[in-house]
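Asker: Attaching a single structure in structure tokens format; questions to follow.
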Amino acid sequence: MTTTIHIDGFTLTAEQVIAIARDPQVKVGLAQSSRDALKQSRDYIESTWMHDEAPMMYSFNTGVGLLKDTRIKVEHVELFQTQMIRAHAAGMGEPFSEEVSRATMLLRANAFASNYSAPRVEVVDRLLAFINAGIHPVMPQKGSVGASGDLAPLSYLAAAIAGFDEAEVMYQGKRMSAPEAILKSGVGPVKFDLKAKDASALINGCTVSLAVAVLATHDARNLLSDACLSLGLTLEAMRAEMSAFDDRIHQARPHAGQIKTAAIVRNLLKGSTRTTHEARAVQFPEELRRTDIPYTPRIQDVYSLRCAPQVYGPVFDALDYIDTIVTREINSATDNPLIFGKDGGGFEIISGGNFHGQYLAQAMDLLTMAVTDLGSICERRINRLIDPTLSWGLPRNLMTGIRGVNTGYPVVQCSMSSLVMENRTLCMPGSVDSIPAKGNSEDHVSNSTWCARKAATVVANTQYIVGVEMLLAAQALTMTESLLPGFVLGQGTQAAYDEVRRQIPACLEGDRWFHNDIQVAQSFVTSGSVRSAVEKKIGQFT
């Protein structure tokens, strides 16, 4: 059944953006209230300002940047739209994904629907027609500094919308020229003329930055839930001391995320007997321990286990803050100039700086740092899982088969450490890196596009790390199951373990092509399969 979401510029949610970006079956329409408002403002523009004596209004009847004082005659307005797009199509590098392209078109259309930007309603309809037909403009990832908007990548989008011969799109899985896709789809005329303000409205605003940010933030939220599962499995594998998750400890330092994390762990491990003194009292074959005295309580674990609430908590809290920024940006008008109704009728155009992406830039730098540290603590637990001296006797390298002939998982762990190092390098904040541009007319820029891109990269890297922690913790649990007969996992961790095992059989006959296991482990996170299995068993847990 096809679902249609109607946009009005004020009520679009992040969940709806995700649905439209990732599911071509979800269609988009323009709310009638927005259609009426856009027509009213445009009728005023056409009847009042389309003459050479009209007041000077930036990018409407003037040049842009340092040419802001140069009037554009009415006879040249349409040519100005075309030339503006050509001049700003200066991007480079690999293209953004199709889901980013879809999200960008949606978010640009939603910004227009609020009726602050003054393009023709036909421009909004064209954007929505492209989304609904599955025509996705190819936009290079590099070239935007995130001030005066994402001018470079959005120019490629605008060129595709207008049917430029040079513009390329993805359509039905193939890269082709925009005119070819428009013809094949039957979405409308190949050439779509842009009128006054249309081009500047299309290319202004940090909408590409926002599209990447919406997707990365959503994925980070799911990633954090999965990191709770990978933590829970490792706690089980290491027969952890659970006193560190006692609610009283966290109420004594009442950060919301910290309290939440501890509660999640207690819920996931409810009913576990592997994380008890009795289970820890069983000596594993490779566990170094004095045998001439009775086993004494472990008392407390290392930081990567014991301090998980204090490390995960800030990630939860950071995501709550980032969500407020992203949600507000989704329903914001972020180009320049903007149009406003006047008391008593009519409209006026005001120049400002809503295109500046600093909110998004700083939020994405925070996301990068928060998720990097999340991946770092998960990788340290992976490292412990393969070392019997650090894991209370788990088999070395979690290796099976002929010892020495087989290696086990140390190189898998090493690969995860390489991702952590890459993530740490990407934590250099882009939001403080400003280079004046365009003859110093843009003397402070946000770098929001790069901030969002590196945040998305860090999230993608950490999906591997979290998935691999699940994989190795499950391997440890399987290899030690016979050593702890009668000891059981918690209600949530058992469900997670069962789903991991359903997708990846335990490695019990020596090394195999671990690449495939890593890819499936990553899909635990990207598909949400393990998370869904746990929620089916115990309900929503984060």
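In the structure tokens, the first chain shown is A, the next is B, and so on; residue numbers restart at 1 for each chain, and ligands run from 1 in the order shown.
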Excluding Ser391 of chain A and any residue of its chain fewer than 2 positions from it, enumerate the residues within 12 Å of it, using only C-alpha atoms, and give them as an NGL selection string.

Answerer: :A and (234-240 or 280 or 283-284 or 286-288 or 301-302 or 304-305 or 380-389 or 393-398 or 473 or 476)

Asker: Those same residues - N, CA, C and O atoms - I'd like them written as a short mmCIF file (atom, residue, chain, number, x, y, z; two decimals), in the first residue's frame.

Answerer:
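Written file, again-v9.cif:
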```cif
data_model
loop_
_atom_site.label_atom_id
_atom_site.label_comp_id
_atom_site.auth_asym_id
_atom_site.auth_seq_id
_atom_site.Cartn_x
_atom_site.Cartn_y
_atom_site.Cartn_z
N THR A 234 28.83 -8.98 25.95
CA THR A 234 30.19 -9.04 26.50
C THR A 234 30.17 -9.19 28.02
O THR A 234 30.98 -9.94 28.60
N LEU A 235 29.25 -8.52 28.68
CA LEU A 235 29.11 -8.70 30.13
C LEU A 235 28.83 -10.16 30.46
O LEU A 235 29.39 -10.72 31.42
N GLU A 236 27.98 -10.78 29.67
CA GLU A 236 27.68 -12.20 29.88
C GLU A 236 28.92 -13.06 29.63
O GLU A 236 29.24 -13.96 30.41
N ALA A 237 29.63 -12.77 28.54
CA ALA A 237 30.80 -13.58 28.19
C ALA A 237 31.88 -13.49 29.26
O ALA A 237 32.59 -14.47 29.52
N MET A 238 32.01 -12.32 29.88
CA MET A 238 33.06 -12.13 30.88
C MET A 238 32.58 -12.34 32.31
O MET A 238 33.31 -12.08 33.26
N ARG A 239 31.34 -12.84 32.44
CA ARG A 239 30.79 -13.12 33.77
C ARG A 239 30.95 -11.89 34.68
O ARG A 239 31.49 -11.95 35.79
N ALA A 240 30.47 -10.78 34.19
CA ALA A 240 30.75 -9.48 34.81
C ALA A 240 30.12 -9.34 36.19
O ALA A 240 29.13 -9.99 36.53
N ARG A 280 31.37 -16.89 38.25
CA ARG A 280 32.76 -16.42 38.26
C ARG A 280 33.66 -17.38 39.05
O ARG A 280 34.87 -17.44 38.80
N GLN A 283 36.52 -21.92 37.39
CA GLN A 283 37.78 -21.54 36.75
C GLN A 283 37.84 -22.10 35.33
O GLN A 283 37.73 -23.30 35.10
N PHE A 284 38.02 -21.19 34.35
CA PHE A 284 38.18 -21.61 32.97
C PHE A 284 39.60 -22.15 32.75
O PHE A 284 40.53 -21.75 33.46
N GLU A 286 41.99 -21.51 30.72
CA GLU A 286 43.07 -20.55 30.47
C GLU A 286 43.04 -19.39 31.46
O GLU A 286 43.72 -18.37 31.27
N GLU A 287 42.29 -19.52 32.53
CA GLU A 287 42.17 -18.45 33.52
C GLU A 287 43.28 -18.58 34.57
O GLU A 287 43.41 -19.61 35.21
N LEU A 288 44.06 -17.53 34.70
CA LEU A 288 45.13 -17.50 35.70
C LEU A 288 44.52 -17.16 37.06
O LEU A 288 43.96 -16.08 37.25
N ASP A 301 34.90 -4.60 38.07
CA ASP A 301 35.49 -4.89 36.77
C ASP A 301 36.27 -3.70 36.23
O ASP A 301 36.27 -2.61 36.81
N VAL A 302 36.91 -3.92 35.11
CA VAL A 302 37.66 -2.85 34.44
C VAL A 302 36.70 -1.79 33.89
O VAL A 302 35.49 -2.00 33.80
N SER A 304 36.02 -0.53 30.92
CA SER A 304 35.21 -0.72 29.71
C SER A 304 33.94 -1.49 29.99
O SER A 304 32.99 -1.44 29.20
N LEU A 305 33.89 -2.20 31.13
CA LEU A 305 32.67 -2.87 31.58
C LEU A 305 31.96 -2.02 32.62
O LEU A 305 30.78 -1.68 32.49
N ARG A 380 37.64 -1.69 22.82
CA ARG A 380 38.45 -2.16 23.94
C ARG A 380 37.88 -3.45 24.53
O ARG A 380 38.63 -4.31 24.99
N ARG A 381 36.57 -3.59 24.51
CA ARG A 381 35.98 -4.85 24.97
C ARG A 381 36.26 -5.98 23.98
O ARG A 381 36.49 -7.13 24.38
N ILE A 382 36.24 -5.66 22.68
CA ILE A 382 36.61 -6.67 21.68
C ILE A 382 38.02 -7.17 21.95
O ILE A 382 38.30 -8.37 21.90
N ASN A 383 38.91 -6.23 22.24
CA ASN A 383 40.30 -6.59 22.52
C ASN A 383 40.38 -7.53 23.73
O ASN A 383 41.17 -8.49 23.74
N ARG A 384 39.59 -7.27 24.74
CA ARG A 384 39.60 -8.13 25.93
C ARG A 384 39.06 -9.53 25.62
O ARG A 384 39.52 -10.52 26.19
N LEU A 385 38.08 -9.61 24.75
CA LEU A 385 37.46 -10.89 24.46
C LEU A 385 38.44 -11.91 23.88
O LEU A 385 38.24 -13.12 24.02
N ILE A 386 39.51 -11.43 23.21
CA ILE A 386 40.43 -12.37 22.58
C ILE A 386 41.69 -12.64 23.42
O ILE A 386 42.57 -13.38 23.00
N ASP A 387 41.75 -12.05 24.60
CA ASP A 387 42.94 -12.20 25.44
C ASP A 387 42.55 -12.83 26.77
O ASP A 387 41.87 -12.21 27.59
N PRO A 388 42.96 -14.07 27.02
CA PRO A 388 42.54 -14.75 28.26
C PRO A 388 43.03 -14.05 29.52
O PRO A 388 42.41 -14.17 30.58
N THR A 389 44.12 -13.30 29.44
CA THR A 389 44.62 -12.59 30.62
C THR A 389 43.77 -11.37 30.94
O THR A 389 43.89 -10.81 32.04
N GLY A 393 39.95 -15.76 31.37
CA GLY A 393 40.11 -17.11 30.89
C GLY A 393 39.36 -17.49 29.64
O GLY A 393 39.32 -18.68 29.29
N LEU A 394 38.78 -16.56 28.92
CA LEU A 394 38.19 -16.93 27.63
C LEU A 394 39.28 -17.47 26.72
O LEU A 394 40.43 -17.05 26.80
N PRO A 395 38.96 -18.41 25.83
CA PRO A 395 39.98 -19.03 24.98
C PRO A 395 40.75 -17.98 24.18
O PRO A 395 40.17 -17.04 23.63
N ARG A 396 42.07 -18.15 24.12
CA ARG A 396 42.91 -17.18 23.42
C ARG A 396 42.46 -17.02 21.97
O ARG A 396 42.28 -17.98 21.24
N ASN A 397 42.29 -15.77 21.58
CA ASN A 397 41.88 -15.40 20.21
C ASN A 397 40.50 -15.95 19.84
O ASN A 397 40.10 -15.87 18.69
N LEU A 398 39.81 -16.56 20.83
CA LEU A 398 38.54 -17.26 20.55
C LEU A 398 38.74 -18.25 19.41
O LEU A 398 37.89 -18.43 18.54
N ALA A 473 31.51 -11.69 21.12
CA ALA A 473 30.91 -12.05 22.41
C ALA A 473 30.10 -13.34 22.28
O ALA A 473 30.14 -14.21 23.16
N ALA A 476 32.45 -16.24 22.16
CA ALA A 476 32.93 -16.55 23.52
C ALA A 476 31.88 -17.31 24.30
O ALA A 476 32.19 -18.26 25.03
#
```

Asker: Please return, as a VMD selection string, all residues of segment 11-215 of chain A that DSSP assigns to helix (DSSP H, G or I) on the basis of the backbone.

Answerer: chain A and resid 14 to 22 32 to 48 65 to 67 74 to 88 98 to 113 121 to 133 151 to 162 178 to 185 198 to 203 207 to 215

Asker: At a cut-off of 10 Å, can you tabulate as a tab-separated table every residue of segment 84-196 of chain A near segment 24-42 of chain A together with its closest atom pair and the distance in Å to one decimal, using only C-alpha atoms and ordering rows by chain then number?

Answerer:
```
residue	atom	partner	partner_atom	distance
A:Glu99	CA	A:Pro24	CA	9.5
A:Arg102	CA	A:Pro24	CA	9.1
A:Leu106	CA	A:Val28	CA	8.2
A:Ala109	CA	A:Leu30	CA	8.7
A:Asn110	CA	A:Leu30	CA	8.5
A:Phe112	CA	A:Leu38	CA	8.3
A:Ala113	CA	A:Ser34	CA	5.3
A:Ser114	CA	A:Ser34	CA	6.6
A:Asn115	CA	A:Leu38	CA	5.6
A:Tyr116	CA	A:Leu38	CA	8.8
A:Ser117	CA	A:Leu38	CA	9.1
A:Ala118	CA	A:Arg42	CA	6.5
A:Pro119	CA	A:Arg42	CA	7.3
A:Arg120	CA	A:Arg42	CA	6.2
A:Val121	CA	A:Leu38	CA	5.9
A:Glu122	CA	A:Arg35	CA	9.6
A:Val124	CA	A:Leu30	CA	7.9
A:Asp125	CA	A:Leu30	CA	7.6
A:Leu127	CA	A:Val28	CA	9.8
A:Leu128	CA	A:Val28	CA	6.2
A:Ala129	CA	A:Val28	CA	8.4
A:Ile131	CA	A:Val28	CA	7.5
A:Asn132	CA	A:Lys27	CA	5.5
A:Ala133	CA	A:Pro24	CA	8.4
A:Gly134	CA	A:Pro24	CA	6.7
A:Ala196	CA	A:Arg42	CA	10.0
```

Asker: Neighbouring residues of Arg306 of chain A were defined as those with any atom within 10 Å, considering only C-alpha atoms; residues of the same chain fewer than 6 positions away were excluded. Please report them as a PyMOL selection string.

Answerer: chain A and resi 235+240-245+300

Asker: Find the spatial neighbours of segment 140-149 of chain A, counting only C-alpha atoms, within a cut-off of 7 Å - ignore same-chain residues fewer than 5 positions away - and output them as an MDAnalysis selection string.

Answerer: chainID A and resid 90:96 204:206 355:357 445:449
